Amino acid sequence: MAYCVRCGVKLEPGATSCPLCQTEVIATPDVVGKSTNPLFPGVVTDKKDDYLKIDKRRKGFSELVITFMVISIIILLITGLAFKGDNSFDHWIPIVCVLFGGGYLLTLLYSKLSYPRLATVYTLLTIGLLLFLDGYDLRFSWALYPTSALVVYWVIGVMPWILKSNRVVFGSIGGVVSIALFLLVVDALEGGGLLWFFPIALPTLAVVVVGFVLLALRFRIGDPTMTELILSIILIASVGVGSGDFFTMRALQADQLVSWSTYVWIVAACLGVFLVAVATLKKVRMYFSNKIRA
Amino acid sequence: MRALPSVSNSRMMYGMKISRGPEDFIPLDNAAIIYPTTVARYNSHMFRISMDLNLKVVPERLLTALENIMERFPYYAVSLHQGFFWYYLSPHHKALSVYPDRLYPCAYLHRKRGANGYLFKVFYSDKRVALEVFHALTDGTGGLVFLKSLVAEYLRLSGIEVGPDPQIFRPGDPVAPEESTDAFQRFYKPLKSVFSVESQAYHYNGRDELADHLQAISARVRVIDVKERSAALGVTITEYFVAHLLDAFQRVQEQVKKPKDYQPVRISVPVNIRKVFNSNSMRNFTLFVVIGIDPRLGRYSFSEILQQVKFQLRGEVNAKSLSRQISRNVAGGRHVLIRYAPNFLKLPLMKLLSDSYGDGIYTSVISNLGDLSFPSGMKESVDRADFFLSPGKVNKLAFAVVGCNGHLSINITSILAEQTIIEREFLTALVKDGIPVEVASNRHSEKLER
């Protein structure tokens with residue numbers, strides 16, 4: 001029998017390491033000994049289905065959720081029967097809301113807790129709920145706006161995390177295309193044909209895309225600071241907003257170049273000059289640096 | 001197989017036979033109510049007692065011994081069912097089996113498929129007989145009496161005469177009605193305002209993966225060494241182990257937490273209250289005494305911990321303090337809202353209450369079954385005994401102690417896959433205290449695939 005040199009405990013015959021600290025036993029076979037009647041037989045004889053798949057807490061919460069869902073549905077059904085013939089209360093809408101609400105909670109309990117998976121399921125559930133609420137009378141109106149926005153969110157905020165390679169490239173392309181399509185859908189849904197998509201929205205989007213491409217190039221050729229990145233995003237946003245105003249004035253064939261965005265353009269110009277100076281002039285960079293640790 | 005007598009389900013009142021409920025409906029005892037509702041993969045509520053013999057175990061003979069003694073234990077020939085209001089037991093007469101022993105103790109027992117509907121499982125290996133019991137059936141003392149009776153019958157079938165012992169029931173002996181009663185209901189006294197809420201205790205989390213099976217470390221020490229050391233400190237063996245356990249958790253909490261985040265360290269100690277209340281019930285009749293220190297008030301030296309343990313444990317183990325617990329537990333089950341609420345409403349609430357006000361208020365559990373005594377014939381045949389408890393997901397570790405033939409087995413079960421820091425702190429403290437410790441484990445020893 002050997003002893004653990006770290007813990008000072010005697011090890012069972014045949015043990016090759018200490019179970020308390022995992023220190024290996026370095027001793028001759030006659031010191032280590034041979035196991036004759038081990039306490040643990042070293043054989044797994046259990047069937048797989050002898051083990052529960054759900055742990056205690058999840059099972060408890062899921063049963064609680066299902067219980068409350070069932071109670072709510074029963075109450076709503078009884079209330080629906082009581083109000084039968086009265087159009088002021090339709091019990092099917094709250095019942096479906098309870099089912100969707102339960103779906104949200106149970107997804108959290110049973111789905112693997114990964115952002116892409118949860119976000120995808122939640123997006124689908126929300127789209128389903130919105131379409132149901134709007135299309136209950138078989139006529140869709142407002143739900144198409146938020147559902148299109150949710151699709152854009154999924155393409156920009158979730159899809160890149162699902163992709164295995166070229167996340168940035170495909171994520172960026174997908175983001176731009178989905179935003180363009182969203183704006184197209186919104187313009188089309190407003191009726192009267194496409195009024196503002198081609199003259200205003202598309203050129204504004206193009207300006208923003210160019211801004212981000214330039215920012216990406218800046219990252220390629222240099223090593224910008226976090227301050228530069230934040231200011232660059234503010235600059236792109238300002239230029240985007242200002243461009244929106246500019247293209248609106250063009251579409252309206254007004255005499256002025258811009259209406260309300262003059263100050264936005266001034267801010268954008270100042271930021272632009274500063275960022276170009278910082279990117280190109282070392283002295284400016286050093287002047288504005290606040291680095292305190294080597 | 002012989003038909004087993006069923007448990008009486010009626011009582012006599014003013015000369016009339018009054019039914020306690022539908023035929024074959026056996027209500028769970030008050031302590032058992034919680035177990036079927038909170039059972040889970042990481043909370044199997046199983047315990048295991050095993051005995052190593054000095055002769056080979058023949059499975060067929062062991063099965064015969066089991067079939068023979070079952071007629072003396074009709075209250076264990078039951079299966080568990082889910083009713084509309086409660087889980088309940090009913091007599092069960094399917095074929096009994098014995099199973100080859102396995103690497104991982106106290107695995108979850110499926111109430112229908114696990115052991116052909118029975119709530120216990122008998123295992124055998126080369127020279128070992130082991131009993132694993134779902135806690136809804138009985139407690140450690142009930143399990144020990146059952147295993148001792150089984151081993152005694154096995155020895156008798158092997159040609160070894162076993163002398164009389166109060167903890168050995170023989171086939172053909174009359175079954176005392178008290179054995180199958182719920183002693184909690186018998187000793188219940190209606191009291192008001194006895195419920196106090198404890199704060200959440202420290203729980204070791206270890207940032208470790210949970211193991212697929214129960215990980216066990218078994219330590220073996222000589223009774224005389226522990227007895228001498230604890231006597232020198234003026235405490236009992238249980239108090240000595242509880243103090244070391246509190247100290248181990250205190251040290252680990254100091255390593256993993258900032259002082260401002262310290263929580264009380266509390267150990268739950270199951271107490272067999274049959275002697276206190278003079279009961280012979282063979283169903284659950286155990287209560288838990290929670291003993292603790294509060295490191296938020298400052299560091300406790302080992303002697304201070306010993307004082308606290310001695311004061312708290314001895315102060316709680318008396319009929320009056322225990323009656324308060326019985327009253328609280330039984331009153332809960334008798335409350336009209338609980339009693340008549342459907343099971344599907346009760347279950348989730350009981351689970352949450354069990355986590356928050358049950359497992360949550362103590363850090364770990366240590367159960368000492370005591371030094372086993374055997375009659376002649378059995379004394380020479382049993383070399384070793386072991387006792388294992390299954391820990392829950394909140395507490396993650398459970399400690400079980402049993403003595404046999406001059407040695408104590410301290411079996412530590414854990415659901416943490418890799419971490420053994422608590423086990424190490426506890427056992428190396430014994431070594432530093434001058435007690436030689438021998439360890440064995442099932443960690444990293446899986447040899448055959450399922």
# chains A, B, ... in the order shown; residues from 1 in each chain; ligands from 1
call {"tool": "residues_around", "arguments": {"residues": "region 5-12 of chain A", "least_positions_apart": "3", "cutoff": "6 Å", "atoms": "only C-alpha atoms", "output": "PyMOL selection string"}}
result
(chain A and resi 2+15) or (chain B and resi 428+437-440)
call {"tool": "write_last_selection", "arguments": {"atoms": "N, CA and C atoms", "output": "PDB file, in the first residue's frame"}}
result
ATOM      1  N   ALA A   2       0.466   2.222  -0.812  1.00  0.00           N
ATOM      2  CA  ALA A   2       1.259   3.448  -0.893  1.00  0.00           C
ATOM      3  C   ALA A   2       0.563   4.569  -0.121  1.00  0.00           C
ATOM      4  N   ALA A  15      -3.988   1.488  -6.166  1.00  0.00           N
ATOM      5  CA  ALA A  15      -4.257   2.871  -6.591  1.00  0.00           C
ATOM      6  C   ALA A  15      -3.019   3.474  -7.241  1.00  0.00           C
TER       7      ALA A  15
ATOM      8  N   THR B 428      -7.520  15.522   5.237  1.00  0.00           N
ATOM      9  CA  THR B 428      -6.149  15.872   5.657  1.00  0.00           C
ATOM     10  C   THR B 428      -6.171  16.493   7.058  1.00  0.00           C
ATOM     11  N   VAL B 437      -5.531   7.737   7.907  1.00  0.00           N
ATOM     12  CA  VAL B 437      -6.700   7.610   7.029  1.00  0.00           C
ATOM     13  C   VAL B 437      -6.308   6.816   5.783  1.00  0.00           C
ATOM     14  N   GLU B 438      -7.161   5.864   5.413  1.00  0.00           N
ATOM     15  CA  GLU B 438      -6.931   5.103   4.174  1.00  0.00           C
ATOM     16  C   GLU B 438      -8.069   5.439   3.212  1.00  0.00           C
ATOM     17  N   VAL B 439      -7.745   5.788   1.966  1.00  0.00           N
ATOM     18  CA  VAL B 439      -8.802   6.218   1.053  1.00  0.00           C
ATOM     19  C   VAL B 439      -8.922   5.311  -0.182  1.00  0.00           C
ATOM     20  N   ALA B 440     -10.148   5.239  -0.679  1.00  0.00           N
ATOM     21  CA  ALA B 440     -10.442   4.542  -1.941  1.00  0.00           C
ATOM     22  C   ALA B 440     -11.452   5.412  -2.676  1.00  0.00           C
TER      23      ALA B 440
END
call {"tool": "interface_residues", "arguments": {"of": "chain B", "to": "chain A", "cutoff": "7 Å", "atoms": "only C-alpha atoms", "output": "PyMOL selection string"}}
result
chain B and resi 38-42+101-103+108-110+114+345+348+351-352+420+423-424+428+431+436-443+445-450
call {"tool": "select_by_dssp", "arguments": {"residues": "region 142-310 of chain B", "states": "strand (DSSP E)", "output": "list in words"}}
result
Leu210, Ala211, Asp212, His213, Leu214, Gln215, Ala216, Ile217, Ser218, Ala219, Arg220, Val221, Arg222, Val265, Arg266, Ile267, Ser268, Val269, Pro270, Val271, Asn272, Thr286, Leu287, Phe288, Val289, Val290, Ile291, Gly292 and Ile293 of chain B
call {"tool": "residues_around", "arguments": {"residues": "region 170-175 of chain B", "least_positions_apart": "6", "cutoff": "12 Å", "atoms": "only C-alpha atoms", "output": "ChimeraX atom specification"}}
result
/B:4-8,64-75,145-154,156,162-164,181,280-282
call {"tool": "select_by_dssp", "arguments": {"residues": "region 114-150 of chain B", "states": "alpha helix (DSSP H)", "output": "list in words"}}
result
Gly140, Thr141, Gly142, Gly143, Leu144, Val145, Phe146, Leu147, Lys148, Ser149 and Leu150 of chain B
call {"tool": "write_last_selection", "arguments": {"atoms": "N, CA and C atoms", "output": "short mmCIF file (atom, residue, chain, number, x, y, z; two decimals), in the first residue's frame"}}
result
data_model
loop_
_atom_site.label_atom_id
_atom_site.label_comp_id
_atom_site.auth_asym_id
_atom_site.auth_seq_id
_atom_site.Cartn_x
_atom_site.Cartn_y
_atom_site.Cartn_z
N GLY B 140 -32.18 5.35 7.33
CA GLY B 140 -30.98 4.51 7.49
C GLY B 140 -31.18 3.39 8.49
N THR B 141 -31.88 3.67 9.58
CA THR B 141 -32.07 2.63 10.60
C THR B 141 -32.93 1.49 10.04
N GLY B 142 -34.01 1.86 9.34
CA GLY B 142 -34.87 0.84 8.72
C GLY B 142 -34.09 0.02 7.70
N GLY B 143 -33.27 0.70 6.90
CA GLY B 143 -32.45 0.02 5.90
C GLY B 143 -31.45 -0.91 6.54
N LEU B 144 -30.88 -0.45 7.67
CA LEU B 144 -29.87 -1.27 8.36
C LEU B 144 -30.51 -2.55 8.92
N VAL B 145 -31.69 -2.41 9.51
CA VAL B 145 -32.38 -3.59 10.06
C VAL B 145 -32.69 -4.57 8.93
N PHE B 146 -33.13 -4.04 7.80
CA PHE B 146 -33.46 -4.89 6.65
C PHE B 146 -32.21 -5.62 6.14
N LEU B 147 -31.10 -4.89 6.02
CA LEU B 147 -29.88 -5.51 5.50
C LEU B 147 -29.33 -6.53 6.49
N LYS B 148 -29.36 -6.18 7.78
CA LYS B 148 -28.86 -7.13 8.78
C LYS B 148 -29.70 -8.41 8.75
N SER B 149 -31.02 -8.23 8.61
CA SER B 149 -31.89 -9.41 8.56
C SER B 149 -31.61 -10.23 7.30
N LEU B 150 -31.36 -9.55 6.19
CA LEU B 150 -31.06 -10.24 4.93
C LEU B 150 -29.75 -11.02 5.03
#
call {"tool": "atom_distance", "arguments": {"atom1": "CA of Ile435 (chain B)", "atom2": "CA of Ile410 (chain B)"}}
result
12.9 Å
call {"tool": "residues_around", "arguments": {"residues": "region 141-158 of chain A", "least_positions_apart": "6", "cutoff": "7 Å", "atoms": "only C-alpha atoms", "output": "list in words"}}
result
Pro116, Ala119, Thr123, Ile127, Leu130, Leu131, Asp134, Gly171, Gly174, Gly175, Ser178, Ile179, Phe182 and Val186 of chain A
call {"tool": "write_last_selection", "arguments": {"atoms": "all heavy atoms", "output": "JSON list (two decimals), in the first residue's frame"}}
result
[["chain", "number", "residue", "atom", "x", "y", "z"],
["A", 116, "PRO", "N", -27.26, 32.50, -30.20],
["A", 116, "PRO", "CA", -27.91, 32.35, -31.51],
["A", 116, "PRO", "C", -29.18, 31.50, -31.43],
["A", 116, "PRO", "O", -30.19, 31.82, -32.04],
["A", 116, "PRO", "CB", -26.86, 31.65, -32.37],
["A", 116, "PRO", "CG", -25.59, 31.81, -31.66],
["A", 116, "PRO", "CD", -25.89, 31.97, -30.22],
["A", 119, "ALA", "N", -31.93, 33.44, -29.45],
["A", 119, "ALA", "CA", -32.38, 34.61, -30.21],
["A", 119, "ALA", "C", -33.22, 34.17, -31.41],
["A", 119, "ALA", "O", -34.23, 34.79, -31.73],
["A", 119, "ALA", "CB", -31.17, 35.42, -30.67],
["A", 123, "THR", "N", -37.05, 35.10, -31.78],
["A", 123, "THR", "CA", -37.45, 35.90, -32.94],
["A", 123, "THR", "C", -38.64, 35.23, -33.64],
["A", 123, "THR", "O", -39.63, 35.88, -33.96],
["A", 123, "THR", "CB", -36.27, 36.03, -33.93],
["A", 123, "THR", "OG1", -35.18, 36.58, -33.22],
["A", 123, "THR", "CG2", -36.62, 36.94, -35.10],
["A", 127, "ILE", "N", -42.36, 36.74, -33.98],
["A", 127, "ILE", "CA", -42.97, 36.95, -35.30],
["A", 127, "ILE", "C", -44.33, 36.23, -35.35],
["A", 127, "ILE", "O", -45.33, 36.79, -35.80],
["A", 127, "ILE", "CB", -42.03, 36.45, -36.42],
["A", 127, "ILE", "CG1", -40.84, 37.41, -36.56],
["A", 127, "ILE", "CG2", -42.76, 36.32, -37.75],
["A", 127, "ILE", "CD1", -39.76, 36.94, -37.50],
["A", 130, "LEU", "N", -46.90, 38.16, -33.22],
["A", 130, "LEU", "CA", -47.32, 39.42, -33.86],
["A", 130, "LEU", "C", -48.24, 39.16, -35.05],
["A", 130, "LEU", "O", -49.27, 39.82, -35.22],
["A", 130, "LEU", "CB", -46.08, 40.22, -34.31],
["A", 130, "LEU", "CG", -45.21, 40.79, -33.17],
["A", 130, "LEU", "CD1", -43.90, 41.32, -33.73],
["A", 130, "LEU", "CD2", -45.96, 41.88, -32.43],
["A", 131, "LEU", "N", -47.84, 38.15, -35.86],
["A", 131, "LEU", "CA", -48.68, 37.83, -37.03],
["A", 131, "LEU", "C", -50.05, 37.33, -36.60],
["A", 131, "LEU", "O", -51.06, 37.65, -37.22],
["A", 131, "LEU", "CB", -47.98, 36.79, -37.92],
["A", 131, "LEU", "CG", -46.76, 37.31, -38.70],
["A", 131, "LEU", "CD1", -46.09, 36.17, -39.44],
["A", 131, "LEU", "CD2", -47.14, 38.42, -39.67],
["A", 134, "ASP", "N", -52.15, 40.34, -35.28],
["A", 134, "ASP", "CA", -52.60, 41.23, -36.37],
["A", 134, "ASP", "C", -53.53, 40.49, -37.34],
["A", 134, "ASP", "O", -54.52, 41.04, -37.81],
["A", 134, "ASP", "CB", -51.37, 41.76, -37.10],
["A", 134, "ASP", "CG", -51.75, 42.83, -38.12],
["A", 134, "ASP", "OD1", -52.78, 43.50, -37.92],
["A", 134, "ASP", "OD2", -51.02, 42.98, -39.11],
["A", 171, "GLY", "N", -21.95, 38.82, -42.80],
["A", 171, "GLY", "CA", -22.79, 39.57, -41.87],
["A", 171, "GLY", "C", -23.03, 40.98, -42.39],
["A", 171, "GLY", "O", -24.16, 41.49, -42.34],
["A", 174, "GLY", "N", -25.22, 40.80, -45.59],
["A", 174, "GLY", "CA", -26.58, 40.45, -45.18],
["A", 174, "GLY", "C", -27.26, 41.62, -44.49],
["A", 174, "GLY", "O", -28.44, 41.90, -44.74],
["A", 175, "GLY", "N", -26.50, 42.34, -43.65],
["A", 175, "GLY", "CA", -27.06, 43.49, -42.94],
["A", 175, "GLY", "C", -27.52, 44.58, -43.90],
["A", 175, "GLY", "O", -28.65, 45.07, -43.80],
["A", 178, "SER", "N", -30.52, 43.36, -45.98],
["A", 178, "SER", "CA", -31.76, 43.24, -45.20],
["A", 178, "SER", "C", -32.32, 44.62, -44.86],
["A", 178, "SER", "O", -33.53, 44.82, -44.89],
["A", 178, "SER", "CB", -31.54, 42.41, -43.94],
["A", 178, "SER", "OG", -30.63, 43.07, -43.10],
["A", 179, "ILE", "N", -31.45, 45.59, -44.56],
["A", 179, "ILE", "CA", -31.94, 46.94, -44.25],
["A", 179, "ILE", "C", -32.59, 47.54, -45.51],
["A", 179, "ILE", "O", -33.67, 48.15, -45.44],
["A", 179, "ILE", "CB", -30.80, 47.84, -43.73],
["A", 179, "ILE", "CG1", -30.38, 47.38, -42.34],
["A", 179, "ILE", "CG2", -31.23, 49.31, -43.68],
["A", 179, "ILE", "CD1", -29.14, 48.04, -41.80],
["A", 182, "PHE", "N", -35.88, 45.95, -45.99],
["A", 182, "PHE", "CA", -36.83, 46.42, -44.97],
["A", 182, "PHE", "C", -37.40, 47.78, -45.37],
["A", 182, "PHE", "O", -38.62, 48.01, -45.32],
["A", 182, "PHE", "CB", -36.10, 46.52, -43.63],
["A", 182, "PHE", "CG", -36.90, 47.20, -42.55],
["A", 182, "PHE", "CD1", -38.02, 46.59, -42.01],
["A", 182, "PHE", "CD2", -36.54, 48.46, -42.08],
["A", 182, "PHE", "CE1", -38.76, 47.21, -41.02],
["A", 182, "PHE", "CE2", -37.28, 49.09, -41.09],
["A", 182, "PHE", "CZ", -38.39, 48.45, -40.56],
["A", 186, "VAL", "N", -41.29, 48.68, -46.21],
["A", 186, "VAL", "CA", -42.02, 49.74, -45.51],
["A", 186, "VAL", "C", -42.58, 50.74, -46.51],
["A", 186, "VAL", "O", -43.75, 51.15, -46.40],
["A", 186, "VAL", "CB", -41.08, 50.43, -44.47],
["A", 186, "VAL", "CG1", -41.76, 51.66, -43.87],
["A", 186, "VAL", "CG2", -40.71, 49.46, -43.37]]
call {"tool": "residues_around", "arguments": {"residues": "Gln307 (chain B)", "least_positions_apart": "5", "cutoff": "9 Å", "atoms": "only C-alpha atoms", "output": "list in words"}}
result
Val235, Ala243, Phe302 and Gln312 of chain B
call {"tool": "residues_around", "arguments": {"residues": "Ala248 (chain B)", "least_positions_apart": "3", "cutoff": "12 Å", "atoms": "only C-alpha atoms", "output": "count of residues only"}}
result
32
call {"tool": "residues_around", "arguments": {"residues": "Leu99 (chain A)", "least_positions_apart": "6", "cutoff": "12 Å", "atoms": "only C-alpha atoms", "output": "JSON, numbers by chain"}}
result
{"A": [65, 66, 67, 68, 69, 70, 71, 72, 73, 92, 93, 105, 106, 107, 125, 126, 128, 129]}
call {"tool": "write_last_selection", "arguments": {"atoms": "C-alpha atoms", "output": "PDB file, in the first residue's frame"}}
result
ATOM      1  CA  VAL A  65     -44.912  27.169 -15.800  1.00  0.00           C
ATOM      2  CA  ILE A  66     -47.112  24.477 -17.354  1.00  0.00           C
ATOM      3  CA  THR A  67     -49.368  24.501 -14.279  1.00  0.00           C
ATOM      4  CA  PHE A  68     -49.901  28.261 -14.482  1.00  0.00           C
ATOM      5  CA  MET A  69     -50.487  28.008 -18.243  1.00  0.00           C
ATOM      6  CA  VAL A  70     -53.120  25.317 -17.796  1.00  0.00           C
ATOM      7  CA  ILE A  71     -54.857  27.261 -15.003  1.00  0.00           C
ATOM      8  CA  SER A  72     -54.860  30.464 -17.089  1.00  0.00           C
ATOM      9  CA  ILE A  73     -56.248  28.656 -20.131  1.00  0.00           C
ATOM     10  CA  TRP A  92     -58.788  32.905 -28.074  1.00  0.00           C
ATOM     11  CA  ILE A  93     -56.439  35.901 -28.258  1.00  0.00           C
ATOM     12  CA  LEU A 105     -40.225  30.452 -20.623  1.00  0.00           C
ATOM     13  CA  LEU A 106     -39.988  26.789 -21.597  1.00  0.00           C
ATOM     14  CA  THR A 107     -37.523  27.615 -24.380  1.00  0.00           C
ATOM     15  CA  LEU A 125     -41.959  33.111 -31.499  1.00  0.00           C
ATOM     16  CA  THR A 126     -42.328  36.896 -31.543  1.00  0.00           C
ATOM     17  CA  GLY A 128     -45.585  34.221 -34.834  1.00  0.00           C
ATOM     18  CA  LEU A 129     -47.271  36.110 -31.976  1.00  0.00           C
TER      19      LEU A 129
END
call {"tool": "closest_residue", "arguments": {"among": "B:His213, B:Lys94, B:Lys112, B:Arg220", "to": "Phe387 (chain B)", "atoms": "only C-alpha atoms"}}
result
B:Arg220
call {"tool": "closest_residue", "arguments": {"among": "B:Asp294, B:Asp29, B:Glu239, B:Asp212", "to": "Lys227 (chain B)", "atoms": "only C-alpha atoms"}}
result
B:Glu239
call {"tool": "atom_distance", "arguments": {"atom1": "CA of Glu198 (chain B)", "atom2": "CA of Val394 (chain B)"}}
result
15.6 Å
call {"tool": "closest_residue", "arguments": {"among": "B:Arg128, B:Lys189, B:Arg113, B:Arg274", "to": "Ala385 (chain B)", "atoms": "only C-alpha atoms"}}
result
B:Arg128
